[in-house]
$ cat protein_0.csv   # CSV, C-alpha atoms
chain,number,residue,atom,x,y,z
A,43,MET,CA,-4.6,2.8,17.3
A,44,LYS,CA,-6.8,5.5,16.0
A,45,LEU,CA,-7.6,5.8,12.3
A,46,ARG,CA,-8.6,8.6,10.0
A,47,PHE,CA,-10.2,7.5,6.8
A,48,LEU,CA,-8.5,9.1,3.8
A,49,GLY,CA,-10.4,7.4,0.9
A,50,LYS,CA,-11.2,4.3,-1.0
A,51,ASN,CA,-11.4,3.1,-4.6
A,52,SER,CA,-14.5,0.9,-4.6
A,53,THR,CA,-16.2,-1.2,-7.2
A,54,VAL,CA,-18.8,-3.8,-6.3
A,55,GLY,CA,-17.1,-6.2,-3.9
A,56,ASP,CA,-13.7,-4.5,-3.9
A,57,CYS,CA,-12.7,-2.0,-1.2
A,58,PRO,CA,-9.1,-1.0,-1.3
A,59,THR,CA,-8.9,1.8,1.4
A,60,LEU,CA,-6.3,4.2,2.8
A,61,TYR,CA,-6.1,5.4,6.4
A,62,ALA,CA,-3.8,7.6,8.4
A,63,THR,CA,-3.1,6.6,12.0
A,64,ASP,CA,-2.1,8.3,15.2
A,65,ARG,CA,1.3,6.4,15.0
A,66,ASP,CA,2.7,8.3,12.0
A,67,THR,CA,1.8,5.5,9.7
A,68,TYR,CA,-0.6,4.7,6.9
A,69,LEU,CA,-2.8,1.6,6.7
A,70,VAL,CA,-3.3,0.2,3.2
A,71,GLN,CA,-6.2,-2.2,2.9
A,72,GLY,CA,-6.1,-4.2,-0.3
A,73,TRP,CA,-6.5,-7.6,-2.0
A,74,LYS,CA,-4.4,-10.5,-0.6
A,75,VAL,CA,-1.6,-11.5,-2.9
A,76,PHE,CA,-1.5,-15.2,-3.7
A,77,ALA,CA,0.5,-15.1,-7.0
A,78,ASN,CA,3.6,-17.3,-6.4
A,79,ASP,CA,5.7,-15.6,-9.1
A,80,LEU,CA,5.1,-12.2,-7.5
A,81,LEU,CA,5.6,-13.5,-3.9
A,82,MET,CA,9.0,-15.1,-5.0
A,83,GLN,CA,10.2,-11.6,-5.8
A,84,LEU,CA,9.7,-10.4,-2.2
A,85,GLU,CA,11.2,-11.3,1.1
A,86,VAL,CA,8.2,-11.2,3.3
A,87,LEU,CA,9.3,-11.3,6.9
A,88,GLU,CA,7.4,-12.8,9.8
A,89,GLY,CA,4.6,-10.5,10.8
A,90,GLU,CA,4.5,-8.9,7.4
A,91,THR,CA,2.2,-9.3,4.4
A,92,VAL,CA,1.5,-7.8,1.0
A,93,VAL,CA,-1.6,-6.4,-0.5
A,94,GLU,CA,-2.5,-5.2,-4.1
A,95,VAL,CA,-4.2,-2.0,-4.7
A,96,PRO,CA,-5.1,0.3,-7.6
A,97,SER,CA,-2.5,3.0,-8.1
A,98,GLU,CA,-5.3,5.7,-7.8
A,99,LEU,CA,-5.7,4.8,-4.1
A,100,PHE,CA,-2.8,7.0,-3.2
A,101,GLU,CA,-4.4,10.1,-4.7
A,102,HIS,CA,-6.2,10.2,-1.3
A,103,LEU,CA,-2.8,11.2,0.3
A,104,THR,CA,-3.7,14.8,-0.6
A,105,LYS,CA,-6.4,14.6,2.2
A,106,ASP,CA,-3.5,14.1,4.6
A,107,GLY,CA,-1.9,17.4,3.6
A,108,LEU,CA,0.5,16.0,1.0
A,109,PRO,CA,0.9,18.0,-2.2
A,110,THR,CA,0.4,14.9,-4.4
A,111,GLY,CA,-0.7,11.4,-4.3
A,112,GLU,CA,1.1,10.3,-7.4
A,113,ILE,CA,3.7,7.6,-6.7
A,114,LYS,CA,6.8,8.5,-8.6
A,115,ARG,CA,9.3,6.1,-7.2
A,116,ILE,CA,8.9,2.3,-7.0
A,117,ASP,CA,10.9,1.2,-4.0
A,118,ASP,CA,11.2,-2.5,-3.2
A,119,PRO,CA,10.1,-4.0,-1.0
A,120,ILE,CA,7.6,-1.3,0.1
A,121,MET,CA,5.9,-1.1,-3.3
A,122,ILE,CA,6.2,-2.8,-6.7
A,123,LEU,CA,4.3,-2.2,-9.9
A,124,THR,CA,2.4,-5.1,-11.5
A,125,PRO,CA,2.0,-5.5,-15.3
A,126,THR,CA,-1.6,-4.5,-14.9
A,127,GLY,CA,-0.7,-1.1,-13.4
A,128,THR,CA,-1.6,-1.9,-9.8
A,129,PHE,CA,0.7,-1.6,-6.8
A,130,VAL,CA,1.7,-4.3,-4.4
A,131,VAL,CA,2.5,-2.8,-1.0
A,132,GLN,CA,4.4,-4.7,1.6
A,133,GLY,CA,4.3,-3.9,5.3
A,134,ARG,CA,3.6,-5.1,8.8
A,135,GLU,CA,0.3,-7.0,8.9
A,136,VAL,CA,-2.3,-5.1,11.0
A,137,THR,CA,-3.5,-7.3,13.9
A,138,ASP,CA,-4.5,-4.5,16.4
A,139,PRO,CA,-8.1,-5.3,17.5
A,140,GLU,CA,-8.9,-1.6,17.9
A,141,ALA,CA,-7.8,-0.8,14.4
A,142,LEU,CA,-9.5,-3.8,12.8
A,143,ALA,CA,-12.8,-3.0,14.6
A,144,GLN,CA,-12.8,0.3,12.7
A,145,MET,CA,-12.6,-1.3,9.3
A,146,GLU,CA,-14.7,-3.6,7.1
A,147,ILE,CA,-12.3,-6.3,5.7
A,148,PRO,CA,-13.6,-9.0,3.4
A,149,ASP,CA,-11.9,-12.4,3.6
A,150,TYR,CA,-10.0,-11.8,0.4
A,151,GLU,CA,-8.4,-8.6,1.7
A,152,SER,CA,-5.8,-7.7,4.3
A,153,VAL,CA,-4.3,-4.6,5.8
A,154,VAL,CA,-0.6,-3.5,6.0
A,155,GLU,CA,0.9,-0.7,8.0
A,156,VAL,CA,3.6,1.4,6.4
A,157,PRO,CA,5.5,4.4,7.9
A,158,VAL,CA,4.5,7.8,6.6
A,159,ALA,CA,8.1,8.6,5.8
A,160,ALA,CA,8.3,5.5,3.5
A,161,ILE,CA,5.2,6.5,1.6
A,162,THR,CA,6.2,10.1,1.2
A,163,ALA,CA,9.6,9.1,-0.1
A,164,LEU,CA,7.8,7.3,-2.9
A,165,LEU,CA,6.2,10.6,-4.0
A,166,GLU,CA,9.6,12.1,-4.9
A,167,GLU,CA,10.9,12.2,-8.5
A,168,PRO,CA,12.9,9.0,-9.3
A,169,ARG,CA,16.6,9.1,-9.7
A,170,GLY,CA,19.1,6.8,-11.5
A,171,ALA,CA,18.4,3.2,-10.5
A,172,ASP,CA,14.8,4.1,-9.6
A,173,LEU,CA,14.1,5.0,-13.2
A,174,LYS,CA,15.4,1.7,-14.5
A,175,ARG,CA,13.3,-0.2,-11.8
A,176,ARG,CA,10.2,1.7,-12.7
A,177,ALA,CA,10.6,0.8,-16.4
A,178,GLN,CA,10.6,-2.9,-15.5
A,179,PRO,CA,7.3,-4.0,-13.8
A,180,ALA,CA,7.0,-7.1,-11.7
A,181,LEU,CA,6.2,-10.4,-13.5

$ encode --input "protein_0.csv" --output "structure tokens"
Amino acid sequence: MKLRFLGKNSTVGDCPTLYATDRDTYLVQGWKVFANDLLMQLEVLEGETVVEVPSELFEHLTKDGLPTGEIKRIDDPIMILTPTGTFVVQGREVTDPEALAQMEIPDYESVVEVPVAAITALLEEPRGADLKRRAQPAL
């Protein structure tokens, strides 16, 4: 898998990062989620994992030609909003050695792969039930 770096939101010791791939997917590198109350809200299938990232990370989507990087829809289980305003992103855990060799991943971080179509759908204006879900952040 070939990666194209889109951007990161770094502070000392933290490196949430966003990449585009040659497989019509995005890789989202973020903090591993250990909070049981949060994990209980999700159905994490075998081969999947979840990461937490700052909402600003998705502003880098504009570097992939998208008109905006503002997430406007919260769509479980792909993405949920935490009370602190970060996003939890669920997807297939990246295990591809070629991809992992192109990244620096601290022990407290992991990487998920999410289809481009799933992410771009989250950039659309919310409708009906989406508005209600957006108003009720995760515990």

$ residues_around --input "protein_0.csv" --residues "region 66-71 of chain A" --least-positions-apart "6" --cutoff "8 Å" --atoms "all atoms listed in the file" --output "PDB file with C-alpha atoms, in the coordinates of the input"
ATOM      1  CA  CYS A  57     -12.700  -2.000  -1.200  1.00  0.00           C
ATOM      2  CA  PRO A  58      -9.100  -1.000  -1.300  1.00  0.00           C
ATOM      3  CA  THR A  59      -8.900   1.800   1.400  1.00  0.00           C
ATOM      4  CA  LEU A  60      -6.300   4.200   2.800  1.00  0.00           C
ATOM      5  CA  VAL A  93      -1.600  -6.400  -0.500  1.00  0.00           C
ATOM      6  CA  VAL A  95      -4.200  -2.000  -4.700  1.00  0.00           C
ATOM      7  CA  VAL A 131       2.500  -2.800  -1.000  1.00  0.00           C
ATOM      8  CA  VAL A 136      -2.300  -5.100  11.000  1.00  0.00           C
ATOM      9  CA  ILE A 147     -12.300  -6.300   5.700  1.00  0.00           C
ATOM     10  CA  GLU A 151      -8.400  -8.600   1.700  1.00  0.00           C
ATOM     11  CA  SER A 152      -5.800  -7.700   4.300  1.00  0.00           C
ATOM     12  CA  VAL A 153      -4.300  -4.600   5.800  1.00  0.00           C
ATOM     13  CA  VAL A 154      -0.600  -3.500   6.000  1.00  0.00           C
ATOM     14  CA  GLU A 155       0.900  -0.700   8.000  1.00  0.00           C
ATOM     15  CA  VAL A 156       3.600   1.400   6.400  1.00  0.00           C
ATOM     16  CA  PRO A 157       5.500   4.400   7.900  1.00  0.00           C
ATOM     17  CA  VAL A 158       4.500   7.800   6.600  1.00  0.00           C
TER      18      VAL A 158
END

$ closest_residue --input "protein_0.csv" --among "A:Ile113, A:Val92, A:Ala160, A:Leu84" --to "Arg134 (chain A)" --atoms "all atoms listed in the file"
A:Val92

$ residues_near_point --input "protein_0.csv" --point "(-9.6, 0.4, 13.8)" --cutoff "12 Å" --atoms "only C-alpha atoms" --output "ChimeraX atom specification"
/A:43-47,61-64,69,71,136-147,153

$ residues_around --input "protein_0.csv" --residues "His102 (chain A)" --least-positions-apart "4" --cutoff "8 Å" --atoms "all atoms listed in the file" --output "ChimeraX atom specification"
/A:48-50,60,98,106,111

$ closest_residue --input "protein_0.csv" --among "A:Leu99, A:Ile116, A:Val75, A:Leu81" --to "Leu165 (chain A)" --atoms "only C-alpha atoms"
A:Ile116

$ atom_distance --input "protein_0.csv" --atom1 "CA of Lys74 (chain A)" --atom2 "CA of Leu164 (chain A)"
21.7 Å

$ atom_distance --input "protein_0.csv" --atom1 "CA of Val86 (chain A)" --atom2 "CA of Tyr150 (chain A)"
18.4 Å

$ residues_around --input "protein_0.csv" --residues "Pro109 (chain A)" --least-positions-apart "5" --cutoff "12 Å" --atoms "all atoms listed in the file" --output "JSON, numbers by chain"
{"A": [100, 101, 102, 103, 104, 162, 165, 166]}

$ closest_residue --input "protein_0.csv" --among "A:Thr126, A:Ile161, A:Ala77, A:Glu167" --to "Leu108 (chain A)" --atoms "only C-alpha atoms"
A:Ile161

$ closest_residue --input "protein_0.csv" --among "A:Leu87, A:Asn51, A:Asp149, A:Ala163" --to "Glu112 (chain A)" --atoms "only C-alpha atoms"
A:Ala163

$ atom_distance --input "protein_0.csv" --atom1 "CA of Leu80 (chain A)" --atom2 "CA of Thr128 (chain A)"
12.5 Å

$ build_atoms --input "protein_0.csv" --residues "region 85-105 of chain A" --atoms "N, CA, C and O atoms" --output "PDB file, keeping the file's coordinate frame"
ATOM      1  N   GLU A  85      10.825 -10.627  -0.132  1.00  0.00           N
ATOM      2  CA  GLU A  85      11.200 -11.300   1.100  1.00  0.00           C
ATOM      3  C   GLU A  85      10.243 -10.795   2.169  1.00  0.00           C
ATOM      4  O   GLU A  85      10.407  -9.721   2.742  1.00  0.00           O
ATOM      5  N   VAL A  86       9.198 -11.593   2.385  1.00  0.00           N
ATOM      6  CA  VAL A  86       8.200 -11.200   3.300  1.00  0.00           C
ATOM      7  C   VAL A  86       8.546 -11.798   4.691  1.00  0.00           C
ATOM      8  O   VAL A  86       8.545 -13.011   4.883  1.00  0.00           O
ATOM      9  N   LEU A  87       8.884 -10.926   5.616  1.00  0.00           N
ATOM     10  CA  LEU A  87       9.300 -11.300   6.900  1.00  0.00           C
ATOM     11  C   LEU A  87       8.139 -11.763   7.804  1.00  0.00           C
ATOM     12  O   LEU A  87       6.985 -11.415   7.505  1.00  0.00           O
ATOM     13  N   GLU A  88       8.427 -12.466   8.883  1.00  0.00           N
ATOM     14  CA  GLU A  88       7.400 -12.800   9.800  1.00  0.00           C
ATOM     15  C   GLU A  88       6.695 -11.583  10.342  1.00  0.00           C
ATOM     16  O   GLU A  88       7.347 -10.605  10.701  1.00  0.00           O
ATOM     17  N   GLY A  89       5.367 -11.610  10.363  1.00  0.00           N
ATOM     18  CA  GLY A  89       4.600 -10.500  10.800  1.00  0.00           C
ATOM     19  C   GLY A  89       4.273  -9.481   9.711  1.00  0.00           C
ATOM     20  O   GLY A  89       3.572  -8.497   9.938  1.00  0.00           O
ATOM     21  N   GLU A  90       4.799  -9.724   8.506  1.00  0.00           N
ATOM     22  CA  GLU A  90       4.500  -8.900   7.400  1.00  0.00           C
ATOM     23  C   GLU A  90       3.574  -9.581   6.399  1.00  0.00           C
ATOM     24  O   GLU A  90       3.437 -10.802   6.434  1.00  0.00           O
ATOM     25  N   THR A  91       2.969  -8.804   5.522  1.00  0.00           N
ATOM     26  CA  THR A  91       2.200  -9.300   4.400  1.00  0.00           C
ATOM     27  C   THR A  91       2.204  -8.355   3.288  1.00  0.00           C
ATOM     28  O   THR A  91       2.813  -7.289   3.394  1.00  0.00           O
ATOM     29  N   VAL A  92       1.575  -8.717   2.182  1.00  0.00           N
ATOM     30  CA  VAL A  92       1.500  -7.800   1.000  1.00  0.00           C
ATOM     31  C   VAL A  92       0.060  -7.745   0.552  1.00  0.00           C
ATOM     32  O   VAL A  92      -0.707  -8.699   0.693  1.00  0.00           O
ATOM     33  N   VAL A  93      -0.290  -6.581   0.024  1.00  0.00           N
ATOM     34  CA  VAL A  93      -1.600  -6.400  -0.500  1.00  0.00           C
ATOM     35  C   VAL A  93      -1.453  -5.700  -1.904  1.00  0.00           C
ATOM     36  O   VAL A  93      -0.459  -5.015  -2.154  1.00  0.00           O
ATOM     37  N   GLU A  94      -2.445  -5.889  -2.755  1.00  0.00           N
ATOM     38  CA  GLU A  94      -2.500  -5.200  -4.100  1.00  0.00           C
ATOM     39  C   GLU A  94      -3.578  -4.218  -4.085  1.00  0.00           C
ATOM     40  O   GLU A  94      -4.684  -4.488  -3.605  1.00  0.00           O
ATOM     41  N   VAL A  95      -3.267  -3.044  -4.619  1.00  0.00           N
ATOM     42  CA  VAL A  95      -4.200  -2.000  -4.700  1.00  0.00           C
ATOM     43  C   VAL A  95      -4.125  -1.221  -5.999  1.00  0.00           C
ATOM     44  O   VAL A  95      -3.060  -1.225  -6.627  1.00  0.00           O
ATOM     45  N   PRO A  96      -5.213  -0.558  -6.420  1.00  0.00           N
ATOM     46  CA  PRO A  96      -5.100   0.300  -7.600  1.00  0.00           C
ATOM     47  C   PRO A  96      -4.213   1.479  -7.337  1.00  0.00           C
ATOM     48  O   PRO A  96      -4.192   2.002  -6.215  1.00  0.00           O
ATOM     49  N   SER A  97      -3.472   1.915  -8.333  1.00  0.00           N
ATOM     50  CA  SER A  97      -2.500   3.000  -8.100  1.00  0.00           C
ATOM     51  C   SER A  97      -3.283   4.311  -7.719  1.00  0.00           C
ATOM     52  O   SER A  97      -2.736   5.135  -6.988  1.00  0.00           O
ATOM     53  N   GLU A  98      -4.531   4.459  -8.142  1.00  0.00           N
ATOM     54  CA  GLU A  98      -5.300   5.700  -7.800  1.00  0.00           C
ATOM     55  C   GLU A  98      -5.598   5.798  -6.322  1.00  0.00           C
ATOM     56  O   GLU A  98      -5.936   6.884  -5.867  1.00  0.00           O
ATOM     57  N   LEU A  99      -5.460   4.713  -5.564  1.00  0.00           N
ATOM     58  CA  LEU A  99      -5.700   4.800  -4.100  1.00  0.00           C
ATOM     59  C   LEU A  99      -4.892   5.857  -3.452  1.00  0.00           C
ATOM     60  O   LEU A  99      -5.351   6.540  -2.543  1.00  0.00           O
ATOM     61  N   PHE A 100      -3.673   6.031  -3.910  1.00  0.00           N
ATOM     62  CA  PHE A 100      -2.800   7.000  -3.200  1.00  0.00           C
ATOM     63  C   PHE A 100      -3.058   8.420  -3.545  1.00  0.00           C
ATOM     64  O   PHE A 100      -2.477   9.304  -2.927  1.00  0.00           O
ATOM     65  N   GLU A 101      -3.977   8.675  -4.465  1.00  0.00           N
ATOM     66  CA  GLU A 101      -4.400  10.100  -4.700  1.00  0.00           C
ATOM     67  C   GLU A 101      -5.050  10.633  -3.421  1.00  0.00           C
ATOM     68  O   GLU A 101      -5.063  11.839  -3.219  1.00  0.00           O
ATOM     69  N   HIS A 102      -5.544   9.759  -2.542  1.00  0.00           N
ATOM     70  CA  HIS A 102      -6.200  10.200  -1.300  1.00  0.00           C
ATOM     71  C   HIS A 102      -5.151  10.748  -0.288  1.00  0.00           C
ATOM     72  O   HIS A 102      -5.529  11.299   0.744  1.00  0.00           O
ATOM     73  N   LEU A 103      -3.852  10.611  -0.568  1.00  0.00           N
ATOM     74  CA  LEU A 103      -2.800  11.200   0.300  1.00  0.00           C
ATOM     75  C   LEU A 103      -2.943  12.690   0.410  1.00  0.00           C
ATOM     76  O   LEU A 103      -2.530  13.277   1.410  1.00  0.00           O
ATOM     77  N   THR A 104      -3.515  13.322  -0.607  1.00  0.00           N
ATOM     78  CA  THR A 104      -3.700  14.800  -0.600  1.00  0.00           C
ATOM     79  C   THR A 104      -4.593  15.182   0.594  1.00  0.00           C
ATOM     80  O   THR A 104      -4.481  16.287   1.114  1.00  0.00           O
ATOM     81  N   LYS A 105      -5.473  14.283   1.026  1.00  0.00           N
ATOM     82  CA  LYS A 105      -6.400  14.600   2.200  1.00  0.00           C
ATOM     83  C   LYS A 105      -5.610  14.566   3.487  1.00  0.00           C
ATOM     84  O   LYS A 105      -6.156  14.955   4.508  1.00  0.00           O
TER      85      LYS A 105
END
